[in-house]
>>> print(open('work-v8.tsv').read())   # TSV, C-alpha atoms
chain	number	residue	atom	x	y	z
A	1	MET	CA	0.00	0.00	0.00
A	2	LYS	CA	1.32	3.39	-0.94
A	3	ILE	CA	-0.60	6.59	-0.44
A	4	ILE	CA	0.38	10.22	-0.75
A	5	LEU	CA	-1.69	12.62	1.33
A	6	ASN	CA	-1.83	16.36	1.80
A	7	ASN	CA	-1.04	17.84	5.20
A	8	ASP	CA	-4.74	18.15	5.94
A	9	ARG	CA	-6.54	16.30	8.71
A	10	ARG	CA	-9.45	15.61	6.36
A	11	GLU	CA	-7.13	13.32	4.40
A	12	LEU	CA	-7.46	10.91	7.30
A	13	GLU	CA	-10.50	9.34	5.71
A	14	LYS	CA	-8.45	8.31	2.64
A	15	LEU	CA	-5.76	6.89	4.89
A	16	GLN	CA	-8.31	4.89	6.90
A	17	LYS	CA	-9.81	3.41	3.74
A	18	ALA	CA	-6.39	2.48	2.36
A	19	ILE	CA	-5.41	0.75	5.64
A	20	SER	CA	-8.75	-1.09	5.71
A	21	ARG	CA	-8.13	-2.38	2.19
A	22	PHE	CA	-4.61	-3.43	3.19
A	23	ALA	CA	-5.91	-5.25	6.29
A	24	LYS	CA	-8.60	-6.99	4.26
A	25	ARG	CA	-6.24	-7.98	1.48
A	26	TYR	CA	-3.86	-9.67	3.90
A	27	ARG	CA	-6.64	-10.94	6.16
A	28	LEU	CA	-5.12	-9.33	9.23
A	29	ARG	CA	-6.76	-10.21	12.51
A	30	SER	CA	-9.10	-7.50	13.68
A	31	GLU	CA	-6.91	-6.39	16.60
A	32	ILE	CA	-3.88	-6.15	14.27
A	33	GLY	CA	-5.83	-4.18	11.64
A	34	GLU	CA	-7.44	-1.83	14.17
A	35	GLY	CA	-4.12	-1.34	15.96
A	36	LEU	CA	-2.51	-0.47	12.64
A	37	GLN	CA	-5.28	2.06	11.96
A	38	LEU	CA	-4.72	3.62	15.35
A	39	ALA	CA	-0.92	3.75	15.22
A	40	VAL	CA	-0.68	5.13	11.68
A	41	GLU	CA	-3.51	7.60	12.28
A	42	GLU	CA	-1.79	8.95	15.38
A	43	LEU	CA	1.50	9.45	13.52
A	44	PHE	CA	-0.16	11.04	10.48
A	45	VAL	CA	-2.26	13.42	12.58
A	46	ASN	CA	0.82	14.36	14.57
A	47	VAL	CA	2.70	15.33	11.40
A	48	VAL	CA	-0.30	17.31	10.10
A	49	CYS	CA	-0.87	19.16	13.39
A	50	TYR	CA	2.72	19.91	14.42
A	51	GLY	CA	4.94	19.39	11.39
A	52	PHE	CA	4.31	22.59	9.50
A	53	ASP	CA	3.94	26.31	10.09
A	54	GLY	CA	1.34	28.25	8.15
A	55	SER	CA	-0.95	26.75	5.57
A	56	SER	CA	1.47	25.75	2.81
A	57	LEU	CA	0.72	22.48	1.06
A	58	HIS	CA	2.94	19.49	1.79
A	59	LYS	CA	2.81	15.83	0.89
A	60	ILE	CA	2.99	12.99	3.39
A	61	LYS	CA	3.79	9.54	2.04
A	62	VAL	CA	2.65	6.41	3.86
A	63	ILE	CA	3.79	2.97	2.76
A	64	LEU	CA	2.70	-0.39	4.23
A	65	ARG	CA	3.94	-3.80	3.16
A	66	LYS	CA	3.28	-7.30	4.30
A	67	SER	CA	6.54	-9.19	4.21
A	68	GLY	CA	6.41	-12.71	5.61
A	69	PRO	CA	5.31	-12.75	9.23
A	70	LYS	CA	5.42	-8.99	9.66
A	71	ILE	CA	4.06	-5.69	8.46
A	72	THR	CA	6.63	-3.06	7.62
A	73	GLY	CA	6.05	0.48	6.62
A	74	TYR	CA	7.18	4.03	6.69
A	75	ILE	CA	5.96	7.57	6.84
A	76	ASP	CA	7.86	10.26	4.97
A	77	ASP	CA	7.18	13.96	5.46
A	78	ASP	CA	9.08	17.19	4.84
A	79	GLY	CA	7.95	18.83	8.05
A	80	LYS	CA	9.97	20.15	10.97
A	81	ILE	CA	12.54	17.78	12.44
A	82	PHE	CA	10.65	15.47	14.77
A	83	ASP	CA	11.77	12.09	16.06
A	84	PRO	CA	8.81	10.30	17.67
A	85	THR	CA	11.07	7.47	18.87
A	86	GLU	CA	12.75	9.96	21.22
A	87	TYR	CA	9.53	11.56	22.37
A	88	PRO	CA	9.26	11.24	26.16
A	89	GLU	CA	6.84	8.71	27.59
A	90	PRO	CA	3.78	10.37	29.12
A	91	ASP	CA	3.32	10.07	32.87
A	92	LEU	CA	0.55	7.48	33.12
A	93	ARG	CA	0.59	7.27	36.90
A	94	SER	CA	-0.25	10.80	37.91
A	95	GLY	CA	-3.66	11.60	39.33
A	96	ILE	CA	-6.48	13.18	37.43
A	97	GLU	CA	-5.54	16.82	38.07
A	98	GLU	CA	-1.89	16.39	37.15
A	99	ARG	CA	-2.53	14.11	34.19
A	100	LYS	CA	-1.46	15.78	30.93
A	101	VAL	CA	-3.99	15.81	28.13
A	102	GLY	CA	-1.44	15.55	25.28
A	103	GLY	CA	1.26	13.12	24.18
A	104	LEU	CA	-0.90	10.01	24.11
A	105	GLY	CA	-0.94	9.51	20.35
A	106	ILE	CA	2.81	8.87	20.02
A	107	HIS	CA	2.65	6.64	23.09
A	108	LEU	CA	-0.11	4.48	21.54
A	109	ALA	CA	1.88	4.14	18.29
A	110	ARG	CA	5.02	3.19	20.24
A	111	LYS	CA	3.09	0.49	22.09
A	112	TYR	CA	1.73	-0.99	18.87
A	113	PHE	CA	4.91	-1.30	16.82
A	114	ASP	CA	7.50	-3.91	17.70
A	115	GLN	CA	10.24	-1.78	16.27
A	116	TRP	CA	10.61	1.70	14.84
A	117	LYS	CA	13.45	3.78	13.57
A	118	TYR	CA	13.72	7.45	12.73
A	119	GLU	CA	16.03	9.17	10.32
A	120	ARG	CA	16.27	12.71	9.04
A	121	VAL	CA	17.22	12.56	5.39
A	122	GLY	CA	17.76	15.98	3.83
A	123	GLN	CA	14.57	17.90	4.56
A	124	HIS	CA	12.56	14.75	5.30
A	125	ASN	CA	11.51	12.87	8.42
A	126	ILE	CA	11.53	9.15	7.67
A	127	LEU	CA	9.93	6.88	10.23
A	128	GLU	CA	10.22	3.16	9.54
A	129	PHE	CA	8.25	0.65	11.58
A	130	GLU	CA	7.57	-3.04	11.97
A	131	LYS	CA	4.77	-5.08	13.45
A	132	TRP	CA	5.25	-8.80	13.88
A	133	LEU	CA	2.19	-10.93	13.28
A	134	ILE	CA	3.45	-13.90	15.27
A	135	HIS	CA	4.29	-13.67	18.95
B	1	MET	CA	-20.04	7.99	14.52
B	2	LYS	CA	-23.25	8.83	16.31
B	3	ILE	CA	-24.11	9.91	19.83
B	4	GLU	CA	-27.52	9.34	21.43
B	5	GLU	CA	-28.39	11.11	24.59
B	6	LYS	CA	-30.89	10.12	27.23
B	7	SER	CA	-31.39	10.66	30.91
B	8	ILE	CA	-31.89	7.90	33.45
B	9	ASN	CA	-32.76	9.00	37.00
B	10	ASP	CA	-31.48	12.48	36.10
B	11	ILE	CA	-28.10	11.11	35.03
B	12	PRO	CA	-27.19	11.86	31.42
B	13	VAL	CA	-26.30	8.74	29.47
B	14	LEU	CA	-24.47	9.21	26.17
B	15	LYS	CA	-24.50	6.17	23.95
B	16	LEU	CA	-21.57	6.27	21.55
B	17	TYR	CA	-21.65	4.50	18.20
B	18	GLY	CA	-18.91	3.83	15.68
B	19	ARG	CA	-15.51	5.38	15.24
B	20	PHE	CA	-14.08	8.20	17.32
B	21	ASP	CA	-11.02	9.33	15.42
B	22	SER	CA	-9.37	12.69	15.15
B	23	LEU	CA	-12.02	13.91	12.70
B	24	THR	CA	-15.17	12.65	14.39
B	25	SER	CA	-14.18	13.21	18.00
B	26	GLU	CA	-15.06	16.90	17.74
B	27	HIS	CA	-18.73	15.91	18.00
B	28	LEU	CA	-17.99	14.07	21.21
B	29	GLU	CA	-16.36	17.20	22.58
B	30	GLU	CA	-19.40	19.31	21.67
B	31	ARG	CA	-21.87	16.89	23.26
B	32	LEU	CA	-19.85	16.29	26.39
B	33	THR	CA	-19.23	20.00	26.87
B	34	SER	CA	-22.91	20.82	26.43
B	35	VAL	CA	-23.95	18.16	28.98
B	36	ILE	CA	-21.40	19.47	31.50
B	37	GLU	CA	-22.36	23.10	30.89
B	38	ALA	CA	-26.01	22.16	31.42
B	39	GLY	CA	-25.01	21.31	34.99
B	40	ALA	CA	-24.39	17.56	34.94
B	41	SER	CA	-21.66	16.38	37.26
B	42	ASN	CA	-22.15	12.64	36.88
B	43	ILE	CA	-22.23	11.25	33.35
B	44	CYS	CA	-22.45	7.71	32.00
B	45	LEU	CA	-20.95	6.84	28.63
B	46	ASP	CA	-22.30	3.68	27.06
B	47	CYS	CA	-19.43	2.37	24.93
B	48	GLN	CA	-20.99	-0.88	23.76
B	49	ALA	CA	-21.14	0.23	20.13
B	50	VAL	CA	-17.75	1.99	19.98
B	51	GLU	CA	-15.65	0.43	17.23
B	52	PHE	CA	-12.53	2.58	17.36
B	53	ILE	CA	-11.08	5.24	19.61
B	54	SER	CA	-8.01	7.37	19.05
B	55	SER	CA	-6.02	9.66	21.32
B	56	SER	CA	-8.11	12.66	20.28
B	57	ALA	CA	-11.21	11.09	21.87
B	58	LEU	CA	-9.18	10.07	24.93
B	59	ARG	CA	-8.05	13.68	25.34
B	60	ILE	CA	-11.67	14.86	25.23
B	61	LEU	CA	-12.72	12.30	27.84
B	62	LEU	CA	-9.85	13.30	30.11
B	63	SER	CA	-10.71	17.01	29.79
B	64	GLY	CA	-14.36	16.17	30.55
B	65	LEU	CA	-13.39	14.13	33.59
B	66	LYS	CA	-11.20	16.96	34.91
B	67	LYS	CA	-14.15	19.36	34.59
B	68	VAL	CA	-16.72	17.18	36.36
B	69	LYS	CA	-14.27	16.19	39.11
B	70	ARG	CA	-14.05	19.87	40.08
B	71	ASN	CA	-17.77	19.63	40.87
B	72	GLN	CA	-17.32	16.37	42.78
B	73	GLY	CA	-18.71	14.46	39.84
B	74	THR	CA	-17.39	11.69	37.65
B	75	ILE	CA	-17.68	10.05	34.24
B	76	VAL	CA	-18.29	6.32	34.24
B	77	LEU	CA	-17.84	4.10	31.22
B	78	ALA	CA	-19.86	1.02	30.45
B	79	ALA	CA	-19.82	-2.01	28.19
B	80	MET	CA	-16.63	-1.41	26.24
B	81	SER	CA	-15.19	-4.13	24.01
B	82	ASP	CA	-11.85	-5.72	24.86
B	83	GLN	CA	-10.21	-3.87	21.99
B	84	ILE	CA	-11.36	-0.47	23.22
B	85	LYS	CA	-10.50	-1.40	26.78
B	86	GLU	CA	-6.97	-2.20	25.68
B	87	VAL	CA	-6.55	1.31	24.27
B	88	PHE	CA	-7.76	2.71	27.60
B	89	ASP	CA	-5.31	0.46	29.39
B	90	LEU	CA	-2.35	1.49	27.20
B	91	ALA	CA	-3.24	5.13	27.82
B	92	GLY	CA	-3.31	4.55	31.57
B	93	PHE	CA	-6.98	5.53	31.68
B	94	LEU	CA	-8.26	2.50	33.55
B	95	GLU	CA	-6.86	4.06	36.72
B	96	LEU	CA	-8.75	7.30	36.07
B	97	PHE	CA	-12.14	6.11	34.85
B	98	ALA	CA	-14.50	3.67	36.49
B	99	VAL	CA	-15.35	1.03	33.89
B	100	HIS	CA	-18.38	-1.24	34.28
B	101	ASN	CA	-19.60	-4.24	32.35
B	102	THR	CA	-23.06	-2.82	31.80
B	103	CYS	CA	-24.73	0.54	31.73
B	104	GLU	CA	-27.10	-0.54	34.53
B	105	GLU	CA	-24.14	-1.38	36.75
B	106	ALA	CA	-22.50	1.95	35.95
B	107	LEU	CA	-25.69	3.84	36.77
B	108	MET	CA	-26.11	1.99	40.07
B	109	MET	CA	-22.63	3.13	41.02
B	110	LEU	CA	-23.67	6.74	40.40
B	111	GLN	CA	-26.87	6.58	42.49
>>> encode(input="work-v8.tsv", output="structure tokens")
Amino acid sequence: MKIILNNDRRELEKLQKAISRFAKRYRLRSEIGEGLQLAVEELFVNVVCYGFDGSSLHKIKVILRKSGPKITGYIDDDGKIFDPTEYPEPDLRSGIEERKVGGLGIHLARKYFDQWKYERVGQHNILEFEKWLIH
Amino acid sequence: MKIEEKSINDIPVLKLYGRFDSLTSEHLEERLTSVIEAGASNICLDCQAVEFISSSALRILLSGLKKVKRNQGTIVLAAMSDQIKEVFDLAGFLELFAVHNTCEEALMMLQ
């Protein structure tokens, strides 16, 4: 699956449909498919919301592949330098008043993938990830 | 995504249907805010028909819980599927929200 989206939150619908088709094509178990939806959505929305200043148009490329017993993929954007793999873990133990409202999306993606790797290549953020289908 | 609202023993019950992603969660925010602004402190969310929830919906629920807690109220969640419960667990929300197997059970807890 390869899809190129604009940096617009409304593009999420296209991304969801593409991931659904991918999950169906490879008959992914529902929890794997839904987890993939969640993780990739969180990363895409994060790039759209925080990656760019102003309203200039940018392209975000999302690739998913099924290779043997795992799903691999990457997200490529030309937004501000941002390495989600180094993003601090949210404090999940604090009480209700102290609990921060943000930072959960990256955390959910981190929990889903078995491995992920970030690289800044030229003006691009490249995030590669893997999800094993057998545990 | 759809939200139905009813009131049982003066407690607002919002039944949530479908997918709550970063596009559709705005409606949840509107509804929850309007229920809280109308004076409700205790709220029950029936999650039986929720198919998907992303961090944007979790953020809205957390903000809502913070608001009602200031008025000694709470938000209780009922009937969520294992998949949705796992997202709550990963987000550390099971320590913040009371989760019940059924809406009736959740409402009894609020009486």
>>> interface_residues(input="work-v8.tsv", of="chain A", to="chain B", cutoff="6 Å", atoms="only C-alpha atoms", output="list in words")
Leu92, Val101, Leu104 and Gly105 of chain A
>>> closest_residue(input="work-v8.tsv", among="B:His27, B:Arg19, B:Lys85, B:His100", to="Asp46 in chain B", atoms="all atoms listed in the file")
B:His100
>>> atom_distance(input="work-v8.tsv", atom1="CA of Cys44 in chain B", atom2="CA of Leu108 in chain A")
24.9 Å
>>> residues_around(input="work-v8.tsv", residues="Val99 in chain B", least_positions_apart="4", cutoff="7 Å", atoms="all atoms listed in the file", output="PyMOL selection string")
chain B and resi 76-78
>>> write_last_selection(input="work-v8.tsv", atoms="C-alpha atoms", output="PDB file, in the coordinates of the input")
ATOM      1  CA  VAL B  76     -18.290   6.320  34.240  1.00  0.00           C
ATOM      2  CA  LEU B  77     -17.840   4.100  31.220  1.00  0.00           C
ATOM      3  CA  ALA B  78     -19.860   1.020  30.450  1.00  0.00           C
TER       4      ALA B  78
END
>>> closest_residue(input="work-v8.tsv", among="A:Arg65, A:Glu34, A:Pro84, A:Asp8", to="Cys49 in chain A", atoms="only C-alpha atoms")
A:Asp8
>>> residues_near_point(input="work-v8.tsv", point="(3.5, 16.4, 4.5)", cutoff="10 Å", atoms="all atoms listed in the file", output="list in words")
Ile4, Leu5, Asn6, Asn7, Asp8, Phe44, Val47, Val48, Gly51, Phe52, Ser56, Leu57, His58, Lys59, Ile60, Lys61, Ile75, Asp76, Asp77, Asp78, Gly79, Lys80, His124 and Asn125 of chain A
>>> atom_distance(input="work-v8.tsv", atom1="CA of Arg99 in chain A", atom2="CA of Pro12 in chain B")
24.9 Å
>>> closest_residue(input="work-v8.tsv", among="A:Leu38, A:Thr72, A:Glu11, A:Tyr26", to="Glu128 in chain A", atoms="only C-alpha atoms")
A:Thr72
>>> atom_distance(input="work-v8.tsv", atom1="CA of Met109 in chain B", atom2="CA of Glu4 in chain B")
21.1 Å
>>> residues_around(input="work-v8.tsv", residues="Ala18 in chain A", least_positions_apart="5", cutoff="12 Å", atoms="only C-alpha atoms", output="ChimeraX atom specification")
/A:1-5,11-13,23-25,33,36-37,40-41,62-64
>>> closest_residue(input="work-v8.tsv", among="A:Asp83, A:Glu130, A:Asp114, A:Glu97", to="Val68 in chain B", atoms="only C-alpha atoms")
A:Glu97
>>> residues_near_point(input="work-v8.tsv", point="(-20.7, 14.0, 32.3)", cutoff="9 Å", atoms="all atoms listed in the file", output="PyMOL selection string")
chain B and resi 11-14+32-33+35-36+39-45+64-65+67-68+73-76
>>> axis_aligned_box(input="work-v8.tsv", around="range 22-32 of chain A", padding_each_side="8 Å", output="AutoDock Vina command-line options")
--center_x -6.5 --center_y -7.2 --center_z 9.0 --size_x 21.2 --size_y 23.5 --size_z 31.1
